[in-house]
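Novice: Coordinates in input21.txt, compact mmCIF, C-alpha atoms, are listed below.
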```txt
# COMPACT_ATOMS: atom_id res chain seq x y z
CA MET A 29 69.44 117.37 112.83
CA LYS A 30 71.08 117.03 109.42
CA ASP A 31 72.37 113.61 108.41
CA THR A 32 76.12 114.26 108.18
CA PHE A 33 77.45 111.03 109.68
CA CYS A 34 80.25 109.36 107.72
CA ALA A 35 81.96 106.13 108.79
CA VAL A 36 85.34 107.09 107.29
CA PRO A 37 86.95 108.82 110.33
CA TRP A 38 86.21 105.78 112.51
CA ILE A 39 87.50 102.98 110.26
CA GLN A 40 89.87 104.27 107.58
CA LEU A 41 93.56 104.95 107.09
CA SER A 42 94.42 107.00 104.01
CA THR A 43 97.86 107.95 102.71
CA LYS A 44 99.06 110.46 100.17
CA PRO A 45 101.67 109.32 97.61
CA ASN A 46 104.39 110.73 99.90
CA GLY A 47 103.05 108.68 102.84
CA ASN A 48 101.48 111.58 104.74
CA ILE A 49 98.29 110.46 106.43
CA ARG A 50 94.91 112.09 105.99
CA THR A 51 91.45 111.00 107.03
CA CYS A 52 90.02 110.72 103.51
CA CYS A 53 91.44 110.88 99.98
CA LEU A 54 88.71 113.29 98.83
CA MET A 55 90.06 115.93 101.16
CA THR A 56 92.57 116.65 98.40
CA ASN A 57 89.76 118.62 96.78
CA SER A 58 88.91 120.64 99.87
CA ASN A 59 89.75 124.23 100.66
CA ASP A 60 92.08 123.08 103.44
CA PRO A 61 95.51 124.50 102.52
CA GLU A 62 97.20 121.40 103.94
CA LYS A 63 94.83 119.03 102.15
CA GLY A 64 93.48 117.32 105.24
CA VAL A 65 96.79 115.86 106.47
CA LEU A 66 96.86 114.81 110.12
CA LYS A 67 99.42 116.30 112.54
CA ARG A 68 100.87 115.48 115.92
CA THR A 69 100.62 118.04 118.73
CA ASP A 70 104.16 119.25 117.88
CA GLY A 71 103.01 120.18 114.36
CA SER A 72 104.75 117.32 112.54
CA ILE A 73 102.73 115.34 110.01
CA TYR A 74 101.92 111.69 110.60
CA ASN A 75 103.53 109.54 107.90
CA ALA A 76 102.92 105.86 107.20
CA LYS A 77 106.64 105.06 107.46
CA ASP A 78 106.65 106.09 111.13
CA GLU A 79 106.15 103.64 113.98
CA ASP A 80 103.26 105.63 115.50
CA TYR A 81 101.28 106.21 112.30
CA LEU A 82 98.10 104.60 113.68
CA ASP A 83 98.00 107.25 116.43
CA SER A 84 96.82 109.61 113.69
CA ILE A 85 93.29 108.32 114.29
CA ASN A 86 93.10 110.72 117.24
CA ALA A 87 94.88 113.70 115.68
CA GLU A 88 93.15 117.01 116.48
CA LYS A 89 91.80 117.43 112.95
CA ALA A 90 90.33 113.92 112.97
CA LYS A 91 88.68 114.48 116.36
CA SER A 92 87.16 117.77 115.27
CA LEU A 93 85.86 116.17 112.10
CA ARG A 94 84.18 113.34 114.02
CA LEU A 95 82.41 115.76 116.34
CA ASP A 96 81.05 117.70 113.35
CA LEU A 97 79.84 114.56 111.58
CA LEU A 98 78.04 113.41 114.75
CA SER A 99 76.38 116.78 115.38
CA GLY A 100 74.98 117.59 111.92
CA VAL A 101 77.72 120.05 110.92
CA LYS A 102 78.95 119.90 107.32
CA ASN A 103 82.69 120.14 107.81
CA PRO A 104 84.29 121.99 104.83
CA LEU A 105 86.92 119.25 104.52
CA CYS A 106 84.12 117.05 103.17
CA LYS A 107 83.05 119.52 100.48
CA THR A 108 83.40 116.95 97.66
CA CYS A 109 80.73 114.72 99.18
CA TRP A 110 78.42 117.58 100.13
CA ASP A 111 78.58 118.92 96.57
CA LYS A 112 77.79 115.51 95.07
CA GLU A 113 74.87 114.95 97.37
CA SER A 114 73.48 118.43 96.66
CA ILE A 115 72.84 117.42 93.03
CA GLY A 116 71.46 113.99 93.90
CA LEU A 117 74.59 111.90 93.28
CA LYS A 118 75.91 109.13 95.52
CA SER A 119 78.92 110.31 97.48
CA LYS A 120 81.75 108.37 99.08
CA ARG A 121 80.08 109.12 102.42
CA ILE A 122 76.87 107.39 101.39
CA ILE A 123 78.67 104.42 99.83
CA THR A 124 80.99 103.93 102.82
CA ASN A 125 78.10 104.10 105.30
CA ARG A 126 76.32 101.43 103.28
CA ASP A 127 79.30 99.11 102.81
CA PHE A 128 80.55 99.30 106.41
CA LYS A 129 77.29 99.47 108.35
CA ASP A 130 78.17 96.19 110.08
CA GLN A 131 81.41 97.72 111.41
CA ILE A 132 80.15 101.17 112.40
CA ASP A 133 76.99 103.25 112.40
CA ILE A 134 76.13 106.52 114.10
CA ASP A 135 74.94 104.83 117.32
CA ARG A 136 78.10 102.75 117.62
CA ALA A 137 80.23 105.80 116.76
CA ARG A 138 78.66 107.74 119.63
CA GLU A 139 79.40 104.87 122.02
CA ILE A 140 83.13 104.84 121.30
CA THR A 141 83.70 108.60 120.83
CA ASP A 142 84.20 110.91 123.79
CA ALA A 143 83.33 114.60 124.12
CA GLN A 144 86.66 115.62 122.56
CA GLY A 145 86.19 113.38 119.50
CA THR A 146 88.71 110.75 120.65
CA VAL A 147 87.84 107.15 119.77
CA SER A 148 88.50 104.51 122.40
CA GLU A 149 88.26 101.55 120.05
CA TYR A 150 89.84 101.58 116.61
CA LYS A 151 89.22 98.79 114.12
CA LEU A 152 90.97 99.39 110.81
CA ALA A 153 88.39 98.21 108.30
CA TYR A 154 89.26 100.30 105.23
CA LEU A 155 92.73 101.07 103.85
CA ASP A 156 93.41 103.69 101.18
CA LEU A 157 97.07 103.26 100.23
CA ARG A 158 98.85 105.48 97.67
CA PHE A 159 102.10 103.71 96.87
CA GLY A 160 104.30 106.69 96.11
CA ASN A 161 104.57 108.16 92.63
CA LEU A 162 106.38 105.33 90.81
CA CYS A 163 104.71 105.17 87.40
CA ASN A 164 105.49 104.13 83.83
CA LEU A 165 103.26 106.79 82.25
CA LYS A 166 103.38 110.59 82.15
CA CYS A 167 99.75 111.45 81.43
CA ILE A 168 99.42 114.90 79.94
CA MET A 169 97.22 116.17 82.81
CA CYS A 170 99.46 114.69 85.52
CA HIS A 171 102.33 116.03 87.65
CA PRO A 172 105.59 114.68 89.16
CA SER A 173 103.95 114.41 92.59
CA SER A 174 101.84 111.59 91.12
CA SER A 175 104.17 110.17 88.45
CA SER A 176 107.93 109.63 88.60
CA ALA A 177 107.94 109.43 84.78
CA TRP A 178 107.14 113.17 84.72
CA TYR A 179 110.39 114.46 86.24
CA SER A 180 112.36 115.13 83.04
CA ASP A 181 109.44 116.57 81.08
CA TYR A 182 108.55 118.77 84.03
CA VAL A 183 112.04 120.29 84.20
CA GLU A 184 112.06 120.89 80.44
CA LEU A 185 108.57 122.39 80.39
CA SER A 186 108.83 124.55 83.50
CA GLY A 187 112.53 125.35 83.60
CA GLU A 188 112.38 124.59 87.33
CA GLU A 189 114.40 121.96 89.20
CA HIS A 190 111.78 121.57 91.92
CA PHE A 191 108.04 121.02 92.30
CA TYR A 192 105.54 121.28 95.14
CA ASP A 193 103.67 118.46 96.81
CA THR A 194 101.02 119.57 99.35
CA GLY A 195 102.98 122.77 99.84
CA GLU A 196 106.33 121.02 100.31
CA LYS A 197 109.14 121.94 97.92
CA ILE A 198 110.67 118.80 96.34
CA TYR A 199 114.11 119.39 94.82
CA LEU A 200 115.23 117.46 91.73
CA GLU A 201 118.72 116.62 90.53
CA LYS A 202 120.32 114.59 87.78
CA GLN A 203 121.02 111.04 88.97
CA GLY A 204 122.63 108.71 86.45
CA GLY A 205 121.60 111.03 83.64
CA VAL A 206 117.94 111.27 84.65
CA TRP A 207 116.06 113.66 86.92
CA ALA A 208 114.97 112.40 90.34
CA PRO A 209 114.28 113.83 93.82
CA LYS A 210 117.39 114.73 95.83
CA ASP A 211 115.75 112.91 98.74
CA LYS A 212 115.78 109.43 97.21
CA ASN A 213 113.33 108.09 99.79
CA LYS A 214 110.79 110.88 99.43
CA PHE A 215 108.09 108.73 97.82
CA LYS A 216 109.19 105.33 99.18
CA TRP A 217 107.33 105.22 102.50
CA PHE A 218 105.92 101.80 101.58
CA GLU A 219 109.42 100.30 101.95
CA SER A 220 109.19 100.82 105.73
CA GLU A 221 109.13 97.52 107.62
CA GLU A 222 107.31 99.24 110.51
CA PHE A 223 104.38 100.06 108.23
CA TRP A 224 103.85 96.48 107.08
CA LYS A 225 104.40 94.94 110.52
CA THR A 226 101.79 97.22 112.09
CA LEU A 227 99.37 96.66 109.23
CA GLU A 228 99.73 92.88 109.44
CA SER A 229 98.90 93.04 113.15
CA HIS A 230 95.56 94.73 112.29
CA ILE A 231 94.70 92.80 109.13
CA GLU A 232 91.99 90.67 110.73
CA ASP A 233 89.72 93.73 110.90
CA VAL A 234 90.34 94.89 107.32
CA LYS A 235 87.46 94.43 104.89
CA GLN A 236 88.49 96.64 101.98
CA ILE A 237 91.82 97.85 100.56
CA TYR A 238 92.05 100.60 97.96
CA LEU A 239 95.42 100.52 96.16
CA VAL A 240 96.68 103.45 94.12
CA GLY A 241 100.02 104.87 92.95
CA GLY A 242 101.70 106.07 90.85
CA GLU A 243 100.99 102.67 89.37
CA PRO A 244 100.28 100.14 92.17
CA LEU A 245 101.04 97.12 89.99
CA LEU A 246 104.68 98.22 89.94
CA ILE A 247 105.04 97.89 93.74
CA ASN A 248 106.59 94.57 94.83
CA GLN A 249 105.76 95.10 98.53
CA HIS A 250 102.06 95.00 97.76
CA PHE A 251 102.41 91.56 96.15
CA LYS A 252 104.08 90.30 99.34
CA PHE A 253 101.23 91.74 101.38
CA LEU A 254 98.62 89.98 99.24
CA GLU A 255 100.57 86.74 99.69
CA PHE A 256 100.47 87.31 103.45
CA CYS A 257 96.67 87.71 103.34
CA VAL A 258 96.35 84.48 101.37
CA GLU A 259 98.69 82.56 103.70
CA LYS A 260 96.71 83.71 106.77
CA ASN A 261 93.43 82.66 105.10
CA LEU A 262 92.12 86.24 105.34
CA ALA A 263 91.94 87.07 101.64
CA LYS A 264 88.47 85.58 101.32
CA ASN A 265 87.14 88.34 103.62
CA ILE A 266 88.79 91.27 101.81
CA ARG A 267 87.71 93.33 98.83
CA LEU A 268 90.54 94.82 96.77
CA GLU A 269 90.11 97.95 94.71
CA TYR A 270 92.72 99.40 92.35
CA ASP A 271 93.28 102.52 90.30
CA THR A 272 95.56 101.23 87.55
CA ASN A 273 96.59 102.11 84.01
CA LEU A 274 96.61 98.33 83.27
CA THR A 275 99.55 98.63 80.90
CA ILE A 276 101.16 95.84 82.92
CA THR A 277 99.80 92.66 84.45
CA ASN A 278 100.91 89.06 84.90
CA ASP A 279 99.66 85.61 85.87
CA LYS A 280 101.16 85.90 89.37
CA ILE A 281 98.93 88.81 90.38
CA ILE A 282 95.90 87.24 88.71
CA GLY A 283 96.56 84.06 90.68
CA LEU A 284 96.62 86.05 93.94
CA TRP A 285 93.46 87.98 93.09
CA LYS A 286 91.50 84.74 92.74
CA ASN A 287 91.78 84.23 96.51
CA PHE A 288 90.09 87.51 97.45
CA LYS A 289 86.41 88.16 98.08
CA GLU A 290 86.25 90.62 95.20
CA VAL A 291 88.67 92.62 93.09
CA LYS A 292 87.61 95.85 91.45
CA LEU A 293 89.96 97.22 88.80
CA ARG A 294 89.25 100.85 88.04
CA VAL A 295 91.19 101.23 84.80
CA SER A 296 92.25 104.77 83.96
CA ILE A 297 91.60 105.58 80.32
CA GLU A 298 90.72 108.86 78.64
CA SER A 299 89.75 107.83 75.12
CA ILE A 300 90.27 105.00 72.63
CA GLY A 301 93.29 104.10 70.52
CA LYS A 302 95.81 106.78 69.58
CA GLN A 303 93.93 109.52 71.42
CA ASN A 304 94.20 107.61 74.69
CA ASP A 305 97.89 106.96 73.99
CA TYR A 306 98.44 110.69 73.45
CA ILE A 307 96.75 111.70 76.71
CA ARG A 308 98.19 108.79 78.74
CA PHE A 309 101.61 108.93 77.09
CA PRO A 310 103.33 106.59 76.23
CA SER A 311 100.68 103.90 76.77
CA ASP A 312 99.86 101.28 74.13
CA TRP A 313 96.12 100.88 73.58
CA GLN A 314 96.49 97.41 72.08
CA LYS A 315 98.37 96.23 75.17
CA ILE A 316 95.63 97.60 77.42
CA GLU A 317 92.97 95.79 75.40
CA ASP A 318 94.98 92.55 75.53
CA ASN A 319 95.32 92.84 79.32
CA LEU A 320 91.60 93.50 79.70
CA GLU A 321 90.73 90.38 77.73
CA HIS A 322 93.28 88.25 79.60
CA ILE A 323 91.84 89.27 82.97
CA LYS A 324 88.25 88.67 81.83
CA ASP A 325 89.19 85.17 80.68
CA SER A 326 91.30 84.31 83.75
CA CYS A 327 89.62 85.66 86.87
CA ASP A 328 85.89 85.44 87.62
CA ASN A 329 85.95 87.62 90.76
CA VAL A 330 87.43 90.67 89.02
CA LYS A 331 85.07 93.53 88.25
CA LEU A 332 86.29 95.99 85.62
CA GLU A 333 85.39 99.67 85.58
CA PHE A 334 86.88 102.69 83.89
CA SER A 335 87.97 105.92 85.48
CA ILE A 336 87.84 108.80 83.01
CA THR A 337 89.03 112.37 83.42
CA TRP A 338 87.03 114.68 81.18
CA GLN A 339 89.22 117.50 79.91
CA ILE A 340 89.93 119.49 76.76
CA TYR A 341 91.71 116.66 74.94
CA ASN A 342 88.81 114.19 75.17
CA LEU A 343 86.09 116.83 74.94
CA PHE A 344 84.31 114.84 72.21
CA SER A 345 86.00 111.44 72.21
CA ILE A 346 84.91 110.53 75.74
CA THR A 347 81.78 109.02 74.17
CA ASP A 348 84.00 106.60 72.19
CA ILE A 349 84.72 104.89 75.52
CA TRP A 350 81.02 104.38 76.19
CA ASP A 351 80.53 103.06 72.65
CA LYS A 352 83.12 100.37 73.30
CA PHE A 353 82.36 99.75 77.01
CA PRO A 354 78.69 100.71 77.47
CA ASN A 355 78.04 99.33 80.95
CA THR A 356 80.80 100.66 83.14
CA GLY A 357 82.80 103.75 83.96
CA SER A 358 82.95 106.87 86.08
CA VAL A 359 83.81 110.42 85.02
CA ARG A 360 85.67 113.14 86.86
CA THR A 361 85.59 116.61 85.34
CA LEU A 362 89.10 118.06 85.47
CA SER A 363 89.51 121.37 87.26
CA SER A 364 93.31 121.43 87.74
CA PRO A 365 95.44 122.45 85.97
CA GLU A 366 93.09 125.20 84.87
CA TYR A 367 94.54 125.39 81.36
CA LEU A 368 93.15 121.88 80.66
CA ASP A 369 89.69 122.65 82.09
CA ILE A 370 86.93 122.50 79.50
CA LYS A 371 85.35 125.70 80.79
CA ILE A 372 88.18 127.85 79.30
CA LEU A 373 87.29 126.81 75.74
CA PRO A 374 85.68 129.22 73.24
CA GLU A 375 81.89 129.23 73.48
CA LYS A 376 81.61 127.79 69.98
CA LEU A 377 83.45 124.60 71.00
CA LYS A 378 81.54 124.26 74.25
CA GLN A 379 78.28 124.55 72.30
CA LYS A 380 79.42 121.78 69.94
CA ALA A 381 80.30 119.59 72.91
CA LEU A 382 76.90 120.29 74.46
CA GLU A 383 75.10 119.25 71.28
CA HIS A 384 77.28 116.15 71.02
CA LEU A 385 76.35 115.03 74.54
CA GLU A 386 72.66 115.92 74.21
CA SER A 387 72.39 113.75 71.11
CA TYR A 388 74.35 110.82 72.53
CA PRO A 389 72.15 107.69 72.94
CA SER A 390 72.96 106.74 76.52
CA ARG A 391 73.03 102.99 77.14
CA SER A 392 72.72 102.90 80.91
CA GLU A 393 71.36 104.88 83.84
CA ARG A 394 74.89 105.43 85.14
CA ILE A 395 76.07 106.99 81.87
CA SER A 396 72.86 109.05 81.67
CA ASN A 397 73.59 110.52 85.10
CA GLN A 398 77.15 111.31 84.10
CA ILE A 399 76.07 112.95 80.87
CA GLU A 400 73.52 115.02 82.76
CA SER A 401 76.25 116.27 85.08
CA MET A 402 78.58 117.05 82.15
CA ILE A 403 75.82 118.91 80.32
CA GLU A 404 75.16 120.96 83.43
CA TYR A 405 78.87 121.79 83.67
CA LEU A 406 78.93 123.02 80.08
CA LYS A 407 75.78 125.07 80.46
CA SER A 408 76.91 126.69 83.69
CA ASN A 409 80.24 127.67 82.09
CA MET A 410 79.03 128.49 78.58
CA ASN A 411 79.80 132.20 78.97
CA TYR A 412 83.01 131.67 80.93
CA GLN A 413 86.08 133.15 79.24
CA ASP A 414 89.74 132.77 80.16
CA LYS A 415 91.97 133.86 77.30
CA GLU A 416 95.10 133.65 79.43
CA ASN A 417 94.60 129.96 80.22
CA LEU A 418 93.55 129.21 76.65
CA ILE A 419 96.90 130.57 75.47
CA LYS A 420 98.58 128.47 78.19
CA PHE A 421 96.81 125.39 76.82
CA LYS A 422 98.06 126.02 73.30
CA ASN A 423 101.64 126.68 74.43
CA TYR A 424 101.64 123.71 76.80
CA THR A 425 100.33 121.35 74.12
CA LYS A 426 102.84 122.59 71.56
CA SER A 427 105.70 122.14 74.04
CA CYS A 428 104.59 118.61 74.97
CA ASP A 429 104.45 117.70 71.27
CA GLN A 430 107.98 118.95 70.78
CA ILE A 431 109.33 117.01 73.79
CA ARG A 432 107.41 113.79 73.13
CA GLY A 433 107.33 113.70 69.35
CA THR A 434 103.52 113.69 69.29
CA SER A 435 101.08 115.71 67.17
CA PHE A 436 97.99 117.26 68.72
CA ARG A 437 96.68 118.40 65.33
CA ASP A 438 96.89 114.91 63.80
CA THR A 439 95.58 113.10 66.88
CA PHE A 440 92.63 115.41 67.60
CA PRO A 441 91.44 116.80 64.25
CA GLU A 442 88.09 117.72 65.86
CA LEU A 443 90.02 120.20 68.02
CA SER A 444 92.32 121.49 65.27
CA GLU A 445 91.19 125.09 65.75
CA LEU A 446 93.05 125.02 69.08
CA ALA A 447 96.36 123.98 67.50
```
For the file at hand, write its structure as structure tokens.
Specialist:
Amino acid sequence: MKDTFCAVPWIQLSTKPNGNIRTCCLMTNSNDPEKGVLKRTDGSIYNAKDEDYLDSINAEKAKSLRLDLLSGVKNPLCKTCWDKESIGLKSKRIITNRDFKDQIDIDRAREITDAQGTVSEYKLAYLDLRFGNLCNLKCIMCHPSSSSAWYSDYVELSGEEHFYDTGEKIYLEKQGGVWAPKDKNKFKWFESEEFWKTLESHIEDVKQIYLVGGEPLLINQHFKFLEFCVEKNLAKNIRLEYDTNLTITNDKIIGLWKNFKEVKLRVSIESIGKQNDYIRFPSDWQKIEDNLEHIKDSCDNVKLEFSITWQIYNLFSITDIWDKFPNTGSVRTLSSPEYLDIKILPEKLKQKALEHLESYPSRSERISNQIESMIEYLKSNMNYQDKENLIKFKNYTKSCDQIRGTSFRDTFPELSELA
């Protein structure tokens, strides 16, 4: 039988920015039209603001997934992990099985799972919490479903007063002179007292918490939750993991982090200096560097990594990150929106990028593996052409420059032929 077991459906709660619950965050990249969200028998979606949100563990989709993972079937919802493993990379499945083997393994999973996939004993060991879309940046590859800072630019760029989030139409309106959702609570599920009360009642089983936004360091409720963990003397057993732009930090949060078993900050950057500030507009590279140094000097249990999205804008300058930070980082190759995907570029530019990567003196095994994957992506798409999306890229970039007062040509001279 194939090894398809994954601990995630037995131990994890995962939210989308709007609070809808899914089994795993990577299901966003699946072919499931509803992105893996879990539903009640009446068709309504479980949301973290609701009193019964933990009942989602035995939603029909979750039960079906568990049965597949126990019987050697590669469920298509898990395509991201299957694809990674097929080229020899470590997937979330493999990492989760390793990190939570003391909580659950395939033998234990079989003991507590019946013939319908229902689990009789649920210990919440891993939380993946997306705290809405409140954010202070409007990264050029982002969208209003993930960043509240995007609303006004989105309306100006698209001419539409609505956007879609997992198929749901979100209407915008002017509120106090700025654009915002008509439903003011749409992305504020984390303000629900029921959510925090239920979570606090299960906190003794929690071993790892993954905190994302928007920008999680803007969310006051999460600070109160960390304080609760410290007060109950549970912080020492919990690993925290963040996706953050690290444009903001303070001594209060650093003081709380010191009480936890480990804190991993996955800092989202796309390049260095003004190129990063262009992509992750309107960030301030100097401020990010200052925050990095302050954390390094203040908190011994914090591990810093970098999360990089490889796209047209940082086609070449991604290696500047490795020059400055040679021992850490992970790379995701952008595929959406398509007009920012590297594969749409003219063959001449893709060939230059290929030569640039092939000649780069990798400083670690991790970076070598990433470069190998990036080289394979370029080679497999070298003959790919998409003139329509290339025109979209040029028009989109020009429009963003006009709205934001930026200059693509001046910031990325190595890509000037695309201006």
Novice: Counting all atoms listed in the file, what is within 10 Å of region 71-88 of chain A, bar same-chain residues fewer than 3 positions away, as a VMD selection string?
Specialist: chain A and resid 37 to 44 46 to 51 65 to 68 91 to 94 144 to 148 150 152 157 216 to 227
Novice: Using all atoms listed in the file, which residue out of A:Gly241, A:Trp178, A:Gly357, A:Asn273 lies closest to Lys315 (chain A)?
Specialist: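 Using all atoms listed in the file, Lys315 (chain A) sits closest to A:Asn273.
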Novice: Measuring between all atoms listed in the file, which one of A:His322, A:Lys214, A:Phe309, A:Asn161 shows the shortest distance to Leu245 (chain A)?
Specialist: A:Asn161
Novice: As a PyMOL selection string, please: the residues near Lys129 (chain A) (cut-off 12 Å, only C-alpha atoms, same-chain neighbours under 4 positions excluded).
Specialist: chain A and resi 33-36+38-39+121-125+133-137+153+235
Novice: Which residues, written as a PyMOL selection string, have at least one atom at most 7 Å from Ser175 (chain A), with only C-alpha atoms counted and residues fewer than 3 positions away on the same chain left out?
Specialist: chain A and resi 161-163+166+171-172+178+242
Novice: Excluding Pro310 (chain A) and its own-chain neighbours fewer than 5 positions away, which residues fall within 12 Å of it when counting only C-alpha atoms? Please give them as a ChimeraX atom specification.
Specialist: /A:163-168,177-178,273,275,301-305,315-316,432-434
Novice: Excluding Ile431 (chain A) and its own-chain neighbours fewer than 3 positions away, which residues fall within 12 Å of it when counting all atoms listed in the file? Please give them as a list in words.
Specialist: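 With the cut-off at 12 Å, the set is Ile168, Trp178, Ser180, Asp181, Tyr182, Val183, Glu184, Leu185, Phe309, Tyr424, Thr425, Lys426, Ser427, Cys428, Thr434 and Ser435 of chain A.
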Novice: Please report the interatomic distance between CA of Cys170 (chain A) and CA of Arg308 (chain A) in Å with one decimal.
Specialist: 9.1 Å
Novice: So what do you get for CA of Phe334 (chain A) versus CA of Arg294 (chain A), distance-wise?
Specialist: 5.1 Å
Novice: Just the number, please: distance in Å from CA of Gln314 (chain A) to CA of Lys280 (chain A), one decimal.
Specialist: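 That distance, rounded to one decimal, is 21.3 Å.
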Novice: Would you be able to write out as a PyMOL selection string which residues have an atom within 7 Å of (91.8, 126.8, 79.2) in the file's coordinates, counting all atoms listed in the file?
Specialist: chain A and resi 366-373+414+417-418+421
Novice: Using all atoms listed in the file, can you list as a ChimeraX atom specification the residues within 12 Å of (81.0, 98.4, 80.3)?
Specialist: /A:294-295,320,331-335,348-358,391-392,394-395
Novice: Using all atoms listed in the file, which of A:Asp127, A:Gly116, A:Ser176, A:Cys52 sits nearest Lys89 (chain A)?
Specialist: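 With all atoms listed in the file as the atom set, the closest residue is A:Cys52.
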Novice: Show me, as JSON, the centre and edge lengths in Å to one decimal of the axis-aligned box that covers every listed atom of region 134-138 of chain A with 5 Å on each side.
Specialist:
```
{"center_x": 77.6, "center_y": 105.2, "center_z": 116.9, "size_x": 15.3, "size_y": 15.0, "size_z": 15.5}
```
Novice: Between A:Asn103, A:Thr361, A:Ser311, A:Gln430, single out the one closest to Thr337 (chain A), counting only C-alpha atoms.
Specialist: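 Checking each of A:Asn103, A:Thr361, A:Ser311, A:Gln430 against Thr337 (chain A), counting only C-alpha atoms, the winner is A:Thr361.
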